[in-house]
file work_10.pdb (PDB, C-alpha atoms and all ligand atoms)
ATOM      1  CA  MET A 530       7.638 -17.955  -5.390
ATOM      2  CA  THR A 531       3.846 -17.689  -5.746
ATOM      3  CA  PRO A 532       2.528 -14.231  -4.956
ATOM      4  CA  HIS A 533      -0.167 -13.920  -2.288
ATOM      5  CA  SER A 534      -3.200 -11.907  -3.390
ATOM      6  CA  SER A 535      -4.522 -11.260   0.119
ATOM      7  CA  PRO A 536      -3.709 -12.107   3.745
ATOM      8  CA  THR A 537      -5.456 -15.020   5.450
ATOM      9  CA  PHE A 538      -7.671 -13.895   8.344
ATOM     10  CA  PHE A 539      -8.617 -15.487  11.646
ATOM     11  CA  SER A 540     -11.013 -13.814  14.007
ATOM     12  CA  TYR A 541     -11.756 -14.792  17.599
ATOM     13  CA  PRO A 542     -14.658 -13.316  19.570
ATOM     14  CA  ALA A 543     -14.043 -11.728  22.975
ATOM     15  CA  ASP A 544     -13.116 -14.441  25.474
ATOM     16  CA  GLU A 545     -15.996 -14.973  27.870
ATOM     17  CA  SER A 546     -14.687 -18.234  29.242
ATOM     18  CA  ALA A 547     -14.365 -16.739  32.731
ATOM     19  CA  GLY A 548     -18.157 -16.727  32.808
ATOM     20  CA  VAL A 549     -18.499 -12.957  33.012
ATOM     21  CA  PRO A 550     -19.989 -11.635  29.784
ATOM     22  CA  GLU A 551     -18.326  -8.508  28.492
ATOM     23  CA  ARG A 552     -21.337  -6.262  29.135
ATOM     24  CA  SER A 553     -21.609  -7.314  32.797
ATOM     25  CA  ALA A 554     -17.875  -6.775  33.299
ATOM     26  CA  VAL A 555     -18.093  -3.235  31.891
ATOM     27  CA  ILE A 556     -21.099  -2.412  34.086
ATOM     28  CA  ALA A 557     -19.329  -3.826  37.159
ATOM     29  CA  GLY A 558     -16.428  -1.448  36.448
ATOM     30  CA  LEU A 559     -18.799   1.522  36.115
ATOM     31  CA  MET A 560     -20.477   0.647  39.423
ATOM     32  CA  ALA A 561     -17.161   0.168  41.270
ATOM     33  CA  ASP A 562     -15.623   2.734  43.604
ATOM     34  CA  PRO A 563     -13.745   4.368  42.016
ATOM     35  CA  PRO A 564     -15.407   3.606  38.675
ATOM     36  CA  TRP A 565     -13.183   2.356  35.872
ATOM     37  CA  VAL A 566     -13.350   1.105  32.288
ATOM     38  CA  SER A 567     -10.742  -1.027  30.504
ATOM     39  CA  PRO A 568      -8.617   1.020  28.046
ATOM     40  CA  LYS A 569      -9.462  -1.503  25.332
ATOM     41  CA  TYR A 570     -12.746   0.395  24.903
ATOM     42  CA  LEU A 571     -10.792   3.426  23.702
ATOM     43  CA  TYR A 572     -10.385   1.601  20.385
ATOM     44  CA  GLY A 573     -12.775   0.831  17.548
ATOM     45  CA  PRO A 574     -13.181   2.276  14.040
ATOM     46  CA  LEU A 575     -12.947   5.905  15.248
ATOM     47  CA  GLY A 576     -10.772   5.314  18.325
ATOM     48  CA  SER A 577      -8.062   3.594  16.255
ATOM     49  CA  ARG A 578      -8.007   6.552  13.866
ATOM     50  CA  LEU A 579      -7.827   9.015  16.740
ATOM     51  CA  PHE A 580      -4.938   7.035  18.193
ATOM     52  CA  ASP A 581      -3.176   7.213  14.817
ATOM     53  CA  ALA A 582      -3.666  10.996  14.910
ATOM     54  CA  ILE A 583      -2.187  11.126  18.442
ATOM     55  CA  THR A 584       0.983   9.504  17.148
ATOM     56  CA  GLU A 585       1.426  12.465  14.759
ATOM     57  CA  LEU A 586       1.132  15.117  17.481
ATOM     58  CA  PRO A 587       4.200  17.186  18.394
ATOM     59  CA  GLU A 588       3.599  16.510  22.118
ATOM     60  CA  TYR A 589       3.294  12.727  21.719
ATOM     61  CA  TYR A 590       7.018  11.861  21.601
ATOM     62  CA  PRO A 591       6.823   8.009  22.003
ATOM     63  CA  THR A 592       6.042   7.107  18.395
ATOM     64  CA  ARG A 593       8.629   9.295  16.699
ATOM     65  CA  THR A 594      11.270   8.563  19.350
ATOM     66  CA  GLU A 595      10.732   4.835  18.968
ATOM     67  CA  ARG A 596      10.985   5.249  15.182
ATOM     68  CA  THR A 597      14.393   6.959  15.594
ATOM     69  CA  VAL A 598      15.621   4.212  17.898
ATOM     70  CA  LEU A 599      14.330   1.555  15.497
ATOM     71  CA  GLU A 600      16.121   3.168  12.553
ATOM     72  CA  GLY A 601      19.398   3.085  14.458
ATOM     73  CA  CYS A 602      19.223  -0.545  15.542
ATOM     74  CA  ARG A 603      17.527  -2.339  12.638
ATOM     75  CA  ASP A 604      20.686  -4.172  11.595
ATOM     76  CA  GLY A 605      21.471  -5.186  15.164
ATOM     77  CA  ILE A 606      17.936  -6.528  15.543
ATOM     78  CA  ALA A 607      18.216  -8.444  12.272
ATOM     79  CA  ARG A 608      21.467 -10.045  13.452
ATOM     80  CA  ALA A 609      19.900 -10.956  16.793
ATOM     81  CA  ALA A 610      16.727 -12.338  15.178
ATOM     82  CA  GLY A 611      18.542 -14.597  12.695
ATOM     83  CA  ALA A 612      17.450 -15.646   9.218
ATOM     84  CA  GLY A 613      13.824 -15.609   8.057
ATOM     85  CA  PRO A 614      11.935 -15.075  11.300
ATOM     86  CA  THR A 615       8.199 -15.398  11.768
ATOM     87  CA  LEU A 616       7.370 -11.816  12.647
ATOM     88  CA  ILE A 617       4.379 -11.647  15.014
ATOM     89  CA  ASP A 618       3.175  -8.075  15.381
ATOM     90  CA  LEU A 619       1.107  -7.582  18.536
ATOM     91  CA  GLY A 620      -1.348  -4.669  18.285
ATOM     92  CA  ALA A 621      -0.355  -4.166  14.656
ATOM     93  CA  GLY A 622      -2.780  -1.280  13.928
ATOM     94  CA  ASN A 623      -1.705   0.276  10.639
ATOM     95  CA  CYS A 624       1.241  -2.201  10.369
ATOM     96  CA  GLU A 625       3.655   0.635   9.560
ATOM     97  CA  LYS A 626       6.227  -0.172  12.246
ATOM     98  CA  ALA A 627       6.519  -3.787  11.137
ATOM     99  CA  ARG A 628       6.694  -2.679   7.493
ATOM    100  CA  SER A 629       9.794  -0.640   8.359
ATOM    101  CA  LEU A 630      11.516  -3.863   9.514
ATOM    102  CA  PHE A 631      10.761  -6.018   6.465
ATOM    103  CA  ALA A 632      13.849  -4.985   4.449
ATOM    104  CA  SER A 633      16.345  -5.769   7.216
ATOM    105  CA  LEU A 634      14.557  -8.754   8.798
ATOM    106  CA  GLN A 635      13.383 -10.501   5.617
ATOM    107  CA  PRO A 636      10.661 -12.389   7.535
ATOM    108  CA  ARG A 637       9.382 -15.727   6.201
ATOM    109  CA  GLN A 638       5.901 -14.975   7.485
ATOM    110  CA  TYR A 639       4.220 -11.845   8.846
ATOM    111  CA  VAL A 640       1.452 -12.302  11.424
ATOM    112  CA  ALA A 641      -0.478  -9.180  12.426
ATOM    113  CA  VAL A 642      -2.606  -9.380  15.574
ATOM    114  CA  ASP A 643      -5.080  -6.680  16.559
ATOM    115  CA  MET A 644      -8.419  -6.280  18.283
ATOM    116  CA  SER A 645      -9.758  -3.899  15.609
ATOM    117  CA  VAL A 646     -10.292  -6.473  12.844
ATOM    118  CA  GLU A 647     -11.714  -4.150  10.184
ATOM    119  CA  PHE A 648      -8.912  -1.647  10.655
ATOM    120  CA  LEU A 649      -6.410  -4.506  10.382
ATOM    121  CA  ARG A 650      -8.013  -5.844   7.185
ATOM    122  CA  HIS A 651      -7.719  -2.427   5.624
ATOM    123  CA  SER A 652      -4.058  -1.961   6.677
ATOM    124  CA  MET A 653      -3.039  -5.447   5.540
ATOM    125  CA  ALA A 654      -4.680  -5.162   2.133
ATOM    126  CA  HIS A 655      -2.269  -2.300   1.337
ATOM    127  CA  LEU A 656       0.682  -4.124   2.802
ATOM    128  CA  GLN A 657       0.055  -7.329   0.839
ATOM    129  CA  ARG A 658      -0.109  -5.320  -2.389
ATOM    130  CA  ASP A 659       3.336  -3.878  -1.610
ATOM    131  CA  PHE A 660       4.825  -7.217  -0.495
ATOM    132  CA  PRO A 661       3.069  -9.839  -2.657
ATOM    133  CA  HIS A 662       5.672 -12.527  -1.932
ATOM    134  CA  LEU A 663       5.425 -12.363   1.831
ATOM    135  CA  GLU A 664       2.941 -14.748   3.427
ATOM    136  CA  MET A 665       0.683 -12.737   5.733
ATOM    137  CA  LEU A 666      -1.826 -13.779   8.364
ATOM    138  CA  GLY A 667      -4.195 -11.402  10.140
ATOM    139  CA  ILE A 668      -5.602 -12.360  13.532
ATOM    140  CA  GLY A 669      -8.463 -10.385  15.041
ATOM    141  CA  VAL A 670      -8.331 -11.036  18.761
ATOM    142  CA  ASP A 671      -8.092  -9.255  22.098
ATOM    143  CA  PHE A 672      -4.788 -10.699  23.314
ATOM    144  CA  SER A 673      -4.604  -8.634  26.522
ATOM    145  CA  ALA A 674      -5.679 -11.619  28.630
ATOM    146  CA  GLY A 675      -3.432 -14.100  26.781
ATOM    147  CA  LEU A 676      -2.627 -14.971  23.198
ATOM    148  CA  ARG A 677      -3.622 -18.073  21.260
ATOM    149  CA  LEU A 678      -2.173 -18.491  17.816
ATOM    150  CA  PRO A 679      -3.645 -20.679  15.073
ATOM    151  CA  ASP A 680      -1.574 -23.603  13.773
ATOM    152  CA  ALA A 681      -0.968 -21.671  10.554
ATOM    153  CA  VAL A 682       1.570 -19.526  12.429
ATOM    154  CA  ARG A 683       5.055 -20.972  11.827
ATOM    155  CA  ARG A 684       6.734 -22.206  14.983
ATOM    156  CA  GLU A 685      10.295 -21.737  13.764
ATOM    157  CA  ASN A 686      12.216 -18.703  14.920
ATOM    158  CA  ARG A 687       9.373 -16.544  16.163
ATOM    159  CA  LEU A 688      10.065 -12.879  16.731
ATOM    160  CA  PHE A 689       7.253 -11.274  18.703
ATOM    161  CA  PHE A 690       7.105  -7.525  18.106
ATOM    162  CA  TYR A 691       5.335  -5.398  20.713
ATOM    163  CA  PRO A 692       6.204  -1.772  19.995
ATOM    164  CA  GLY A 693       4.731   1.539  21.122
ATOM    165  CA  SER A 694       5.088   0.904  24.854
ATOM    166  CA  SER A 695       1.698  -0.768  24.958
ATOM    167  CA  ILE A 696       3.213  -2.857  27.749
ATOM    168  CA  GLY A 697       2.851   0.340  29.820
ATOM    169  CA  ASN A 698      -0.926  -0.042  29.676
ATOM    170  CA  PHE A 699      -0.645  -3.117  31.936
ATOM    171  CA  THR A 700       0.240  -2.910  35.633
ATOM    172  CA  PRO A 701       3.777  -4.267  36.264
ATOM    173  CA  GLU A 702       2.195  -7.442  37.732
ATOM    174  CA  GLU A 703       0.020  -7.954  34.643
ATOM    175  CA  ALA A 704       3.004  -7.127  32.423
ATOM    176  CA  LEU A 705       5.018  -9.916  34.039
ATOM    177  CA  VAL A 706       2.269 -12.466  33.328
ATOM    178  CA  PHE A 707       1.872 -11.198  29.759
ATOM    179  CA  LEU A 708       5.632 -11.294  29.035
ATOM    180  CA  ALA A 709       5.930 -14.808  30.471
ATOM    181  CA  GLY A 710       2.981 -15.881  28.293
ATOM    182  CA  ILE A 711       4.747 -14.639  25.166
ATOM    183  CA  ARG A 712       7.958 -16.343  26.309
ATOM    184  CA  ALA A 713       6.050 -19.616  26.508
ATOM    185  CA  GLN A 714       4.985 -19.224  22.865
ATOM    186  CA  CYS A 715       8.493 -18.919  21.454
ATOM    187  CA  PRO A 716      10.613 -21.942  22.259
ATOM    188  CA  VAL A 717      13.118 -20.491  19.782
ATOM    189  CA  GLY A 718      13.223 -16.798  19.050
ATOM    190  CA  GLY A 719      12.516 -13.743  21.102
ATOM    191  CA  LEU A 720      10.645 -10.563  21.747
ATOM    192  CA  LEU A 721      11.325  -7.073  20.434
ATOM    193  CA  ILE A 722       9.524  -4.644  22.696
ATOM    194  CA  GLY A 723       9.280  -0.860  23.014
ATOM    195  CA  VAL A 724       9.075   0.751  26.440
ATOM    196  CA  ASP A 725       8.538   4.346  27.465
ATOM    197  CA  LEU A 726      10.977   5.590  30.105
ATOM    198  CA  VAL A 727      10.515   7.937  33.078
ATOM    199  CA  LYS A 728      11.122  11.586  32.254
ATOM    200  CA  SER A 729      10.064  15.042  33.393
ATOM    201  CA  GLU A 730       6.457  15.402  34.420
ATOM    202  CA  SER A 731       5.758  18.369  32.116
ATOM    203  CA  ILE A 732       6.755  16.365  29.034
ATOM    204  CA  LEU A 733       4.654  13.413  30.120
ATOM    205  CA  GLN A 734       1.680  15.598  30.959
ATOM    206  CA  ALA A 735       1.709  17.376  27.575
ATOM    207  CA  ALA A 736       1.965  14.048  25.718
ATOM    208  CA  TYR A 737      -1.347  12.955  27.238
ATOM    209  CA  ASP A 738      -3.109  16.332  27.163
ATOM    210  CA  ASP A 739      -2.196  17.918  23.831
ATOM    211  CA  ALA A 740      -3.100  21.433  22.773
ATOM    212  CA  LEU A 741      -5.329  20.316  19.881
ATOM    213  CA  GLY A 742      -7.426  18.124  22.126
ATOM    214  CA  VAL A 743      -6.926  14.931  20.101
ATOM    215  CA  THR A 744      -6.172  12.875  23.218
ATOM    216  CA  ALA A 745      -9.239  14.407  24.844
ATOM    217  CA  ALA A 746     -11.349  13.273  21.855
ATOM    218  CA  PHE A 747      -9.753   9.802  22.048
ATOM    219  CA  ASN A 748     -10.633   9.513  25.737
ATOM    220  CA  LEU A 749     -14.157  10.979  25.377
ATOM    221  CA  ASN A 750     -14.929   8.729  22.419
ATOM    222  CA  LEU A 751     -14.747   5.819  24.868
ATOM    223  CA  LEU A 752     -18.176   6.994  26.062
ATOM    224  CA  ASN A 753     -19.593   6.534  22.556
ATOM    225  CA  ASN A 754     -18.074   3.042  22.509
ATOM    226  CA  LEU A 755     -19.705   2.267  25.862
ATOM    227  CA  ASN A 756     -23.078   3.541  24.644
ATOM    228  CA  ALA A 757     -22.843   1.158  21.683
ATOM    229  CA  LEU A 758     -21.705  -1.754  23.845
ATOM    230  CA  ILE A 759     -23.980  -1.572  26.896
ATOM    231  CA  GLY A 760     -26.779   0.688  25.632
ATOM    232  CA  SER A 761     -25.920   3.513  28.051
ATOM    233  CA  ASP A 762     -26.785   7.176  27.531
ATOM    234  CA  PHE A 763     -23.485   8.899  28.341
ATOM    235  CA  ALA A 764     -23.581  12.463  26.947
ATOM    236  CA  VAL A 765     -20.047  13.315  25.819
ATOM    237  CA  ALA A 766     -20.648  17.023  26.550
ATOM    238  CA  ASP A 767     -21.117  16.218  30.260
ATOM    239  CA  TRP A 768     -17.528  14.945  30.604
ATOM    240  CA  ARG A 769     -14.003  16.296  30.325
ATOM    241  CA  HIS A 770     -10.674  14.623  29.647
ATOM    242  CA  CYS A 771      -8.213  14.545  32.523
ATOM    243  CA  ALA A 772      -4.595  13.278  32.431
ATOM    244  CA  LEU A 773      -2.192  13.331  35.374
ATOM    245  CA  PHE A 774       1.160  11.814  36.290
ATOM    246  CA  ASN A 775       1.065   9.660  39.426
ATOM    247  CA  THR A 776       4.682   9.929  40.609
ATOM    248  CA  THR A 777       4.317   7.271  43.304
ATOM    249  CA  LEU A 778       3.224   4.638  40.799
ATOM    250  CA  SER A 779       5.212   6.113  37.881
ATOM    251  CA  ARG A 780       2.221   6.180  35.574
ATOM    252  CA  ILE A 781       0.130   8.581  33.558
ATOM    253  CA  GLU A 782      -3.528   8.154  34.444
ATOM    254  CA  MET A 783      -6.346   9.134  32.130
ATOM    255  CA  HIS A 784      -9.760   9.819  33.605
ATOM    256  CA  LEU A 785     -13.080  11.195  32.440
ATOM    257  CA  GLU A 786     -14.402  13.803  34.854
ATOM    258  CA  ALA A 787     -18.077  14.777  35.156
ATOM    259  CA  ARG A 788     -18.548  18.483  34.294
ATOM    260  CA  ARG A 789     -21.860  18.552  36.219
ATOM    261  CA  ASP A 790     -24.037  16.218  38.292
ATOM    262  CA  THR A 791     -25.304  13.601  35.896
ATOM    263  CA  THR A 792     -27.073  10.242  35.951
ATOM    264  CA  VAL A 793     -26.138   7.674  33.332
ATOM    265  CA  HIS A 794     -28.663   4.925  32.503
ATOM    266  CA  TRP A 795     -28.339   1.588  30.745
ATOM    267  CA  PRO A 796     -30.855  -1.252  30.376
ATOM    268  CA  GLY A 797     -31.255  -2.667  33.871
ATOM    269  CA  GLY A 798     -29.277  -0.014  35.761
ATOM    270  CA  ALA A 799     -28.023   3.510  36.278
ATOM    271  CA  ARG A 800     -25.362   5.434  38.210
ATOM    272  CA  ARG A 801     -25.278   8.989  39.434
ATOM    273  CA  PHE A 802     -21.980  10.842  39.057
ATOM    274  CA  ALA A 803     -21.503  14.055  41.068
ATOM    275  CA  GLN A 804     -19.738  16.977  39.406
ATOM    276  CA  GLY A 805     -15.988  16.276  39.528
ATOM    277  CA  ALA A 806     -16.420  12.477  39.843
ATOM    278  CA  ARG A 807     -13.969  10.536  37.714
ATOM    279  CA  ILE A 808     -14.012   7.347  35.674
ATOM    280  CA  HIS A 809     -10.494   5.885  35.367
ATOM    281  CA  THR A 810      -9.918   4.895  31.732
ATOM    282  CA  GLU A 811      -6.199   4.180  31.271
ATOM    283  CA  ASN A 812      -2.807   3.814  32.936
ATOM    284  CA  SER A 813       0.415   4.272  31.043
ATOM    285  CA  TYR A 814       3.380   3.150  33.156
ATOM    286  CA  LYS A 815       6.799   4.729  32.618
ATOM    287  CA  TYR A 816       9.775   2.534  33.503
ATOM    288  CA  ALA A 817      13.397   3.011  34.510
ATOM    289  CA  LEU A 818      15.241   0.902  31.905
ATOM    290  CA  ALA A 819      17.014  -1.269  34.505
ATOM    291  CA  ASP A 820      13.667  -2.114  36.117
ATOM    292  CA  PHE A 821      12.182  -3.143  32.792
ATOM    293  CA  VAL A 822      15.148  -5.386  31.991
ATOM    294  CA  THR A 823      14.672  -7.017  35.403
ATOM    295  CA  LEU A 824      10.998  -7.597  34.550
ATOM    296  CA  LEU A 825      11.980  -9.311  31.279
ATOM    297  CA  ARG A 826      14.420 -11.562  33.116
ATOM    298  CA  GLN A 827      11.794 -12.408  35.728
ATOM    299  CA  ALA A 828       9.502 -13.377  32.837
ATOM    300  CA  GLY A 829      12.074 -15.980  31.769
ATOM    301  CA  TYR A 830      14.055 -14.284  29.004
ATOM    302  CA  ARG A 831      17.692 -15.304  29.031
ATOM    303  CA  ARG A 832      19.464 -12.271  27.633
ATOM    304  CA  VAL A 833      18.343  -8.740  26.883
ATOM    305  CA  GLN A 834      19.857  -6.239  24.480
ATOM    306  CA  THR A 835      18.685  -2.603  24.710
ATOM    307  CA  TRP A 836      18.813   0.521  22.552
ATOM    308  CA  THR A 837      17.671   4.057  23.449
ATOM    309  CA  ASP A 838      17.572   7.532  21.899
ATOM    310  CA  GLU A 839      20.122  10.104  23.020
ATOM    311  CA  LYS A 840      17.770  11.693  25.567
ATOM    312  CA  GLU A 841      16.926   8.230  26.910
ATOM    313  CA  TRP A 842      13.208   8.845  26.590
ATOM    314  CA  PHE A 843      12.326   5.532  24.984
ATOM    315  CA  ALA A 844      13.931   2.091  24.748
ATOM    316  CA  LEU A 845      13.726  -0.916  22.478
ATOM    317  CA  CYS A 846      14.634  -4.229  24.066
ATOM    318  CA  HIS A 847      15.403  -7.484  22.290
ATOM    319  CA  ALA A 848      14.872 -10.317  24.744
ATOM    320  CA  PHE A 849      16.076 -13.789  23.806
ATOM    321  CA  ALA A 850      13.720 -16.631  24.707
TER
HETATM  322  C1  LIG A 901      -1.275   2.462  23.184
HETATM  323  N1  LIG A 901      -0.614   3.098  24.307
HETATM  324  C2  LIG A 901       0.769   2.712  24.393
HETATM  325  C3  LIG A 901      -0.786   4.560  24.354
HETATM  326  C4  LIG A 901      -0.025   5.141  25.573
HETATM  327  O1  LIG A 901       0.777   6.058  25.373
HETATM  328  O2  LIG A 901      -0.213   4.643  26.683
HETATM  329  C5  LIG A 901      -2.250   4.932  24.419
HETATM  330  C6  LIG A 901      -2.478   6.391  24.582
HETATM  331  N2  LIG A 901      -3.281   6.916  25.456
HETATM  332  C7  LIG A 901      -3.276   8.244  25.311
HETATM  333  N3  LIG A 901      -2.418   8.565  24.367
HETATM  334  C8  LIG A 901      -1.917   7.421  23.877
END
call {"tool": "encode", "arguments": {"input": "work_10.pdb", "output": "structure tokens", "more": "lines below"}}
Ligand code: AVI
result
Amino acid sequence: MTPHSSPTFFSYPADESAGVPERSAVIAGLMADPPWVSPKYLYGPLGSRLFDAITELPEYYPTRTERTVLEGCRDGIARAAGAGPTLIDLGAGNCEKARSLFASLQPRQYVAVDMSVEFLRHSMAHLQRDFPHLEMLGIGVDFSAGLRLPDAVRRENRLFFYPGSSIGNFTPEEALVFLAGIRAQCPVGGLLIGVDLVKSESILQAAYDDALGVTAAFNLNLLNNLNALIGSDFAVADWRHCALFNTTLSRIEMHLEARRDTTVHWPGGARRFAQGARIHTENSYKYALADFVTLLRQAGYRRVQTWTDEKEWFALCHAFA
């Protein structure tokens, strides 16, 4: 087998086919009532690192709980996935979760997809050095509005991997469309997906408002990303992080709250925010497991196998296409 010296990379610019350029869409969100910004702007060179730091926090249970569940069901997943799958890692980030599956899955090809291309390049360079015989492709794309894969991605036995409960950052309606879209891309194969489950409010609250303030920095850094993107003059010091659990909708909401009356300008516009006004920056839905399995079945998956930790805080689901 010929060793691979580096992964092959594909990069797609933000999709503006709907006719609304990214900058105008962001400004429209800021001008809306209530104002909102897509959570994708939490990420970037610093945001991705802050998110990595969040996953190490004692309060942020999802990552380590998912890791425990994954350790316990690796062999079961390998049996379900079959021989030599094409492992397609959605939102790969530092690629560590997928790396932990290589030994049991023995994938024929590893495809890492992430919006933060430079971060992905860096992560995959390390990975390729450690697994020189595994063919790797890196795809830099925002797949939240749909995924297109280049022809270089093997069609045989695709196993989509969407860990971390990122599905919780979509509304249930958007999640259904997204899951059905993935289903359409794997005529043979399936989806291995992590989902965060409903639990006590105090645990949820602490996970999104940690004592060190890392999640606060992650949320506030979105303002720096907006300044770079639309040329606005948000002053981080004028805003505070706010996280709350909306029990009716079963979701954590993150907001940025104005500490004082402030006016934010950008080329061609401005908006005044009164003290206490909030910009909604993220939702993180928490599911009852049975409801999530129903969602997968509605999205067209035939059979679903599930694993959870002993406290039933987090679940991994293998859904057969
Ligand atoms: C990426 N996503 C699943 C995280 C979550 O828990 O919703 C993002 C996050 N936001 C604040 N902390 C972590």
call {"tool": "residues_near_ligand", "arguments": {"input": "work_10.pdb", "ligand": "ligand LIG 901 (chain A)", "cutoff": "8 Å", "atoms": "all atoms listed in the file", "output": "number ranges by chain"}}
result
A: 580, 583-584, 589, 591, 693-698, 736-737, 744, 747-748, 781, 783, 811-814
call {"tool": "resolve_selection", "arguments": {"input": "work_10.pdb", "expression": "the PyMOL selection byres (((chain A and resi 662-673) around 8) and not hetatm)", "output": "number ranges by chain"}}
result
A: 530-533, 535-544, 636-646, 649-650, 653, 657, 660-661, 674-677, 682, 707
call {"tool": "residues_near_point", "arguments": {"input": "work_10.pdb", "point": "(3.0, 17.1, 16.8)", "cutoff": "12 Å", "atoms": "all atoms listed in the file", "output": "JSON, numbers by chain"}}
result
{"A": [581, 582, 583, 584, 585, 586, 587, 588, 589, 590, 591, 592, 593, 735, 736, 739, 740, 741, 742, 743, 744]}
call {"tool": "resolve_selection", "arguments": {"input": "work_10.pdb", "expression": "the PyMOL selection byres (((chain A and resi 839-844) around 8) and not hetatm)", "output": "count of residues only"}}
result
17
call {"tool": "atom_distance", "arguments": {"input": "work_10.pdb", "atom1": "CA of Tyr572 in chain A", "atom2": "CA of His809 in chain A"}}
result
15.6 Å
call {"tool": "resolve_selection", "arguments": {"input": "work_10.pdb", "expression": "the PyMOL selection byres (((chain A and resi 801-804) around 12) and not hetatm)", "output": "list in words"}}
result
Leu559, Met560, Ala561, Asp562, Pro563, Pro564, Phe763, Asp767, Trp768, Arg769, Leu785, Glu786, Ala787, Arg788, Arg789, Asp790, Thr791, Thr792, Val793, His794, Trp795, Gly798, Ala799, Arg800, Gly805, Ala806, Arg807 and Ile808 of chain A
call {"tool": "write_last_selection", "arguments": {"input": "work_10.pdb", "atoms": "C-alpha atoms", "output": "compact mmCIF listing (two decimals), in the coordinates of the input"}}
result
# COMPACT_ATOMS: atom_id res chain seq x y z
CA LEU A 559 -18.80 1.52 36.12
CA MET A 560 -20.48 0.65 39.42
CA ALA A 561 -17.16 0.17 41.27
CA ASP A 562 -15.62 2.73 43.60
CA PRO A 563 -13.74 4.37 42.02
CA PRO A 564 -15.41 3.61 38.67
CA PHE A 763 -23.48 8.90 28.34
CA ASP A 767 -21.12 16.22 30.26
CA TRP A 768 -17.53 14.94 30.60
CA ARG A 769 -14.00 16.30 30.32
CA LEU A 785 -13.08 11.20 32.44
CA GLU A 786 -14.40 13.80 34.85
CA ALA A 787 -18.08 14.78 35.16
CA ARG A 788 -18.55 18.48 34.29
CA ARG A 789 -21.86 18.55 36.22
CA ASP A 790 -24.04 16.22 38.29
CA THR A 791 -25.30 13.60 35.90
CA THR A 792 -27.07 10.24 35.95
CA VAL A 793 -26.14 7.67 33.33
CA HIS A 794 -28.66 4.92 32.50
CA TRP A 795 -28.34 1.59 30.74
CA GLY A 798 -29.28 -0.01 35.76
CA ALA A 799 -28.02 3.51 36.28
CA ARG A 800 -25.36 5.43 38.21
CA GLY A 805 -15.99 16.28 39.53
CA ALA A 806 -16.42 12.48 39.84
CA ARG A 807 -13.97 10.54 37.71
CA ILE A 808 -14.01 7.35 35.67
call {"tool": "atom_distance", "arguments": {"input": "work_10.pdb", "atom1": "CA of His847 in chain A", "atom2": "CA of Glu702 in chain A"}}
result
20.3 Å
call {"tool": "closest_residue", "arguments": {"input": "work_10.pdb", "among": "A:Ala772, A:Ser731, A:Leu721, A:Leu708", "to": "Gln827 in chain A", "atoms": "all atoms listed in the file"}}
result
A:Leu708
call {"tool": "closest_residue", "arguments": {"input": "work_10.pdb", "among": "A:Ile617, A:Leu630, A:Leu678, A:Ala757", "to": "Gly601 in chain A", "atoms": "only C-alpha atoms"}}
result
A:Leu630
call {"tool": "closest_residue", "arguments": {"input": "work_10.pdb", "among": "A:Ile722, A:Asp659, A:Ala610, A:Val717", "to": "Arg684 in chain A", "atoms": "all atoms listed in the file"}}
result
A:Val717
call {"tool": "residues_around", "arguments": {"input": "work_10.pdb", "residues": "Thr823 in chain A", "least_positions_apart": "6", "cutoff": "12 Å", "atoms": "only C-alpha atoms", "output": "list of chain:residue names"}}
result
A:Pro701, A:Leu705, A:Leu708, A:Tyr816, A:Ala817, A:Gly829, A:Tyr830, A:Arg831, A:Arg832, A:Val833, A:Cys846, A:Ala848
call {"tool": "closest_residue", "arguments": {"input": "work_10.pdb", "among": "A:Tyr691, A:Asn753, A:Leu758, A:Arg780", "to": "Glu730 in chain A", "atoms": "all atoms listed in the file"}}
result
A:Arg780
call {"tool": "closest_residue", "arguments": {"input": "work_10.pdb", "among": "A:Arg687, A:Arg628, A:His651, A:Arg578", "to": "Gly611 in chain A", "atoms": "only C-alpha atoms"}}
result
A:Arg687
call {"tool": "closest_residue", "arguments": {"input": "work_10.pdb", "among": "A:Ala621, A:Leu599, A:Leu749, A:Leu825", "to": "Arg712 in chain A", "atoms": "all atoms listed in the file"}}
result
A:Leu825
call {"tool": "atom_distance", "arguments": {"input": "work_10.pdb", "atom1": "CA of Ala557 in chain A", "atom2": "CA of Val765 in chain A"}}
result
20.6 Å
call {"tool": "build_atoms", "arguments": {"input": "work_10.pdb", "residues": "range 671-676 of chain A", "atoms": "N, CA and C atoms", "output": "compact mmCIF listing (two decimals), in the coordinates of the input"}}
result
# COMPACT_ATOMS: atom_id res chain seq x y z
N ASP A 671 -8.55 -10.04 20.95
CA ASP A 671 -8.09 -9.26 22.10
C ASP A 671 -7.10 -10.13 22.85
N PHE A 672 -5.81 -9.82 22.73
CA PHE A 672 -4.79 -10.70 23.31
C PHE A 672 -4.36 -10.23 24.71
N SER A 673 -5.07 -9.20 25.25
CA SER A 673 -4.60 -8.63 26.52
C SER A 673 -4.67 -9.66 27.66
N ALA A 674 -5.59 -10.63 27.55
CA ALA A 674 -5.68 -11.62 28.63
C ALA A 674 -4.99 -12.93 28.24
N GLY A 675 -4.13 -12.89 27.22
CA GLY A 675 -3.43 -14.10 26.78
C GLY A 675 -3.61 -14.26 25.28
N LEU A 676 -2.63 -14.88 24.66
CA LEU A 676 -2.63 -14.97 23.20
C LEU A 676 -2.70 -16.43 22.76
